[in-house]
Structure formats: C-alpha cells, structure tokens
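Worksheet: the structure to be examined is printed underneath.
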Amino acid sequence: MQTTKNTILITGGGSGIGLGLAQQFKERGNTVLIANRSLEKLEEAKKLGFEVYTVDLTDETSIEKLAQDVLSDHPELNVLINNAGIMKPEILLDGGNYQTQKQTIQTNLLAPMQLTETLLPHLAKQPSATIINVTSGLAFVPLAMTPTYSATKAGLHSYTESLRFQLRDTNIQVIELAPPYVQTTLTGQAQSTDPRAMPLDAFIEETMQLIETQQQADEVLVENVRPLRNAAAEGIDSYKAFLTRLNESMLEG
C-alpha cells in the first residue's frame with residue numbers, strides 16, 4: 001500500500017486504533033474521512049481536522065447512506081479501513097446473550113462485508129486501491145469470555161482471505177491488520193491502562209512502520225501478536241495448551 005496521497009475512509013475512527021491510524025495517515029498527506037456512531041467522538045475528530053460521517057453499523061440503510069455520501073463527496077476514495085468493532089463479555093451458561101451476539105456479529109462482521117461490497121465497484125475503477133480489514137489476534141486463538149467477538153474476528157479473517165483471492169487480478173490490495181491486546185477502551189476504561197496490553201502509541205508506530213516498509217504484505221502483524229497468529233503452527237496439543245494459558249491469564253486479571 002502506498003502511504004501518501006490517498007483518500008481513506010476509516011470506520012470506528014473516532015477513538016483508539018482507528019483514530020491513531022487516522023492521525024498517522026493524515027500526517028503523511030492523506031485525506032482521511034472518519035465514520036463513527038458516537039456524535040461526541042465525531043465532534044472531537046472534527047476538532048482535529050478530520051471530515052466526519054455518522055454511521056450506525058447495525059443498520060443496513062445507514063451503511064448504504066455512508067457509502068453514497070462518501071462517494072458523492074469524495075469520488076477519489078481509494079482506501080477503505082474496516083476498523084469499527086465492539087467487544088462484550090458473555091456468560092454462556094447464564095443465557096440471555098442473543099442481543100449481544102446479534103449486535104456483535106452485525107457490527108464486526110456483516111457491516112464490513114456490506115460496506116466492502118458496496119464500495120468494491122468504485123474501488124475497482126481507481127488506479128490503485130486498498131482494503132484493510134482490522135481483525136484481531138483473537139481471530140486465531142479465541143478469548144472464551146468474549147466468544148462472539150472472537151468468532152466474528154475469525155470470520156473476518158476468513159472473509160479477508162477469500163476477498164484477497166477473488167481480487168487477485170484487480171488493482172485492489174487486500175490487507176489484514178491483526179492487533180494484539182492494546183491499551184484502548186474497547187472493553188472499557190480499565191483496558192486503556194492494563195499493563196498486559198500493548199501501549200496504543202507503540203502499536204500505532206510499529207504498525208505504520210510495517211505498512212511503510214512491507215507495502216506488498218498481506219498481513220500486518222506487530223511482534224506482540226505473532227504468538228497468537230502462529231499458535232497452531234506447532235500442532236494441536238501446543239495450540240490447546242496456548243489457548244488454556246491465554247484464557248487463564250486473562251481470568252486472573
């Protein structure tokens with residue numbers, strides 16, 4: 001991916017990883033458009049100089065409107081970053097998780113699929129285009145306390161692989177960005193200061209360095225996420241042991 005002179009749409013760009021990426025791409029001379037549901041976060045993004053769009057990723061009509069509005073305002077759009085996501089705990093034995101599961105699947109998986117396929121005909125006409133899907137290290141080893149989140153990220157990983165193959169003869173590059181556990185507010189304020197999580201600034205810095213130095217890479221993986229990405233490489237027994245250690249360590253926190 002070229003890192004300058006793009007017009008980039010980032011969903012969930014009002015905070016955390018999305019905002020960090022938006023700031024770095026803006027500093028490199030890109031036009032960055034931020035889409036978010038939170039009006040408060042959009043107001044803060046506007047103060048930072050970003051053009052913003054309101055979207056509810058649980059609403060198919062809202063997603064369609066976002067695509068139409070962005071293309072009307074910026075026909076030069078050539079990069080889509082599907083970053084928005086929600087992560088909520090579920091105690092499966094207690095029941096009553098369906099609404100959380102439905103909202104998580106819609107936001108984390110169906111919404112990026114819909115937005116991607118809505119914008120594909122346009123992106124295919126650009127001289128050079130990129131789609132970045134933000135998954136998670138939990139796409140490769142699930143966190144049991146957030147089963148639907150982990151499942152949606154595994155699904156988005158699989159979709160990204162298929163998308164890349166289907167677009168192999170086009171001008172559209174497909175990249176998967178899989179973060180580790182990062183100090184954001186994804187699961188609440190406590191995560192933003194959890195010492196087990198990678199500092200956000202360090203994650204963004206390493207990510208941008210990888211994007212700039214490995215422009216043809218299919219996956220962007222900081223060192224902290226590689227144990228998760230490669231957990232299955234040494235066989236099923238090693239993977240099961242890793243899964244157990246990961247989940248027990250998070251329960252201890």
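Residue numbers start at 1 in each chain; chains themselves are named A, B, ... in the order of the structure tokens; ligands are numbered from 1 in the order shown.
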
Could you list, with a cut-off of 12 Å and counting only C-alpha atoms, the residues of region 141-249 of chain A near region 58-79 of chain A, each shown with its nearest atom pair and the distance in Å rounded to one decimal, rows sorted by chain and ascending number, as a Markdown table?
| residue | atom | partner | partner_atom | distance |
| --- | --- | --- | --- | --- |
| A:Asn171 | CA | A:Asn78 | CA | 10.4 |
| A:Ile172 | CA | A:Asn78 | CA | 8.9 |
| A:Gln173 | CA | A:Val79 | CA | 9.4 |
| A:Val174 | CA | A:Val79 | CA | 10.0 |
| A:Ile175 | CA | A:Val79 | CA | 10.9 |

Closest pair table for region 87-187 of chain A residues within 8 Å of region 195-212 of chain A, only C-alpha atoms, as a Markdown table:
| residue | atom | partner | partner_atom | distance |
| --- | --- | --- | --- | --- |
| A:Pro179 | CA | A:Phe203 | CA | 8.0 |
| A:Pro180 | CA | A:Met198 | CA | 7.4 |
| A:Tyr181 | CA | A:Ala197 | CA | 4.9 |
| A:Val182 | CA | A:Met198 | CA | 4.5 |
| A:Gln183 | CA | A:Pro199 | CA | 5.2 |
| A:Thr184 | CA | A:Leu200 | CA | 6.8 |

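Here CA of Ser38 (chain A) and CA of Asp56 (chain A) stand 9.0 Å from one another.
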
Pick from A:Lys102, A:Arg229, A:Lys240, A:Arg28, whichever lies nearest to His157 (chain A) using only C-alpha atoms | A:Arg229

Quick one: of A:Pro89, A:Tyr149, A:Asp194, A:Gly137, who's nearest to Pro227 (chain A), counting only C-alpha atoms?
->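 Nearest to Pro227 (chain A): A:Gly137.
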
For Leu246 (chain A), work out the shell of residues within 12 Å, counting only C-alpha atoms and skipping chain neighbours fewer than 6 positions away, then give it as a list in words.
-> Gly137, Leu138, Phe140, Val141, Pro142, Leu143, Ala144, Met145, Tyr181, Arg196, Pro227, Leu228, Ala231, Tyr239, Lys240, Glu252 and Gly253 of chain A

Show me, as JSON lines, the residues of region 16-135 of chain A having an atom within 12 Å of region 218-222 of chain A, each with the closest atom pair and its distance in Å, using only C-alpha atoms.
{"residue": "A:Thr130", "atom": "CA", "partner": "A:Asp218", "partner_atom": "CA", "distance": 10.9}
{"residue": "A:Ile131", "atom": "CA", "partner": "A:Asp218", "partner_atom": "CA", "distance": 10.6}
{"residue": "A:Ile132", "atom": "CA", "partner": "A:Glu219", "partner_atom": "CA", "distance": 9.3}
{"residue": "A:Asn133", "atom": "CA", "partner": "A:Glu219", "partner_atom": "CA", "distance": 9.7}
{"residue": "A:Val134", "atom": "CA", "partner": "A:Val220", "partner_atom": "CA", "distance": 9.5}
{"residue": "A:Thr135", "atom": "CA", "partner": "A:Glu219", "partner_atom": "CA", "distance": 10.3}

Closest of A:Ser128, A:Ser162, A:Gln23, A:Asn30 to Thr4 (chain A), counting only C-alpha atoms, is A:Asn30

So how many Å separate CA of Ala151 (chain A) and CA of Asn82 (chain A), to one decimal?
->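 Straight-line distance from CA of Ala151 (chain A) to CA of Asn82 (chain A) works out to 16.6 Å.
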
Members of region 61-184 of chain A assigned alpha helix (DSSP H) by DSSP, as a VMD selection string = chain A and resid 61 to 73 98 to 105 111 to 123 147 to 166

All strand (DSSP E) positions in region 4-220 of chain A, as a PyMOL selection string | chain A and resi 7-11+31-36+51-54+79-82+129-134+172-177+219-220

Using only C-alpha atoms, the shortest atom-to-atom distance to Leu33 (chain A) among A:Leu48, A:Asn108, A:Tyr53, A:Tyr159 belongs to A:Tyr53

Just give me the gap between CA of Phe242 (chain A) and CA of Asn224 (chain A) in Å, one decimal is fine.
-> 14.6 Å

Any idea what's packed within 10 Å of Thr104 (chain A), counting only C-alpha atoms, ignoring anything in its chain fewer than 5 positions away? Could you give it as a list of chain:residue names?
->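 Using only C-alpha atoms, the neighbours found are A:Thr58, A:Gly85, A:Ile86, A:Met87, A:Lys88, A:Tyr98, A:Gln99, A:Leu109, A:Leu110, A:Ala111, A:Thr148, A:Tyr149, A:Ser150, A:Ala151, A:Thr152.
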
Okay, now the selection with C-alpha atoms, as a compact mmCIF listing (two decimals), in the first residue's frame?
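Written output follows (part14.txt):
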# COMPACT_ATOMS: atom_id res chain seq x y z
CA THR A 58 -26.05 -2.22 12.91
CA GLY A 85 -15.87 -3.19 16.35
CA ILE A 86 -17.46 -3.99 19.70
CA MET A 87 -16.31 -6.50 22.30
CA LYS A 88 -18.58 -7.60 25.14
CA TYR A 98 -28.58 -13.23 21.96
CA GLN A 99 -28.88 -9.45 21.61
CA LEU A 109 -18.63 -8.99 10.54
CA LEU A 110 -21.71 -8.19 8.47
CA ALA A 111 -21.12 -4.42 8.41
CA THR A 148 -18.85 -13.90 19.76
CA TYR A 149 -16.22 -11.19 19.36
CA SER A 150 -13.58 -13.87 18.80
CA ALA A 151 -15.84 -15.69 16.34
CA THR A 152 -16.51 -12.52 14.33

For region 67-109 of chain A against region 16-19 of chain A, with a cut-off of 10 Å and counting only C-alpha atoms, what is the closest atom pair and its distance in Å to one decimal for every residue that makes the cut, ordered by chain and number, as JSON lines?
{"residue": "A:Ile81", "atom": "CA", "partner": "A:Gly18", "partner_atom": "CA", "distance": 8.6}
{"residue": "A:Asn82", "atom": "CA", "partner": "A:Gly18", "partner_atom": "CA", "distance": 9.1}
{"residue": "A:Asn83", "atom": "CA", "partner": "A:Gly18", "partner_atom": "CA", "distance": 6.2}
{"residue": "A:Ala84", "atom": "CA", "partner": "A:Gly18", "partner_atom": "CA", "distance": 7.5}

Atoms kept (all heavy atoms) for selection, written as a CSV table (one decimal), in the first residue's frame:
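For reference, again_22.csv as written:
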chain,number,residue,atom,x,y,z
A,81,ILE,N,-10.7,1.3,5.3
A,81,ILE,CA,-10.2,0.6,6.5
A,81,ILE,C,-11.4,0.2,7.4
A,81,ILE,O,-12.1,1.1,8.0
A,81,ILE,CB,-9.2,1.5,7.3
A,81,ILE,CG1,-8.0,1.8,6.4
A,81,ILE,CG2,-8.7,0.7,8.6
A,81,ILE,CD1,-7.0,2.7,7.1
A,82,ASN,N,-11.7,-1.0,7.4
A,82,ASN,CA,-12.8,-1.6,8.2
A,82,ASN,C,-12.3,-1.8,9.6
A,82,ASN,O,-11.7,-2.9,9.9
A,82,ASN,CB,-13.4,-2.8,7.6
A,82,ASN,CG,-14.2,-2.6,6.4
A,82,ASN,OD1,-15.2,-1.8,6.4
A,82,ASN,ND2,-13.9,-3.3,5.3
A,83,ASN,N,-12.5,-0.8,10.5
A,83,ASN,CA,-11.8,-0.9,11.8
A,83,ASN,C,-12.9,-1.0,13.0
A,83,ASN,O,-12.6,-1.6,14.0
A,83,ASN,CB,-11.0,0.4,12.1
A,83,ASN,CG,-10.6,0.6,13.5
A,83,ASN,OD1,-9.7,-0.1,14.0
A,83,ASN,ND2,-11.3,1.5,14.2
A,84,ALA,N,-14.1,-0.5,12.8
A,84,ALA,CA,-15.1,-0.5,13.9
A,84,ALA,C,-15.4,-1.9,14.4
A,84,ALA,O,-15.4,-2.9,13.7
A,84,ALA,CB,-16.3,0.2,13.4

Min atom-atom distance to Thr107 (chain A) from the set A:Lys47, A:Arg226, A:Lys153, A:Arg245, counting only C-alpha atoms, belongs to A:Lys153

Minimum-distance residue to Glu27 (chain A), chosen among A:Gln216, A:Thr3, A:Gln114, A:Ser249 (using only C-alpha atoms) =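 The shortest atom-to-atom distance to Glu27 (chain A) comes from A:Thr3.
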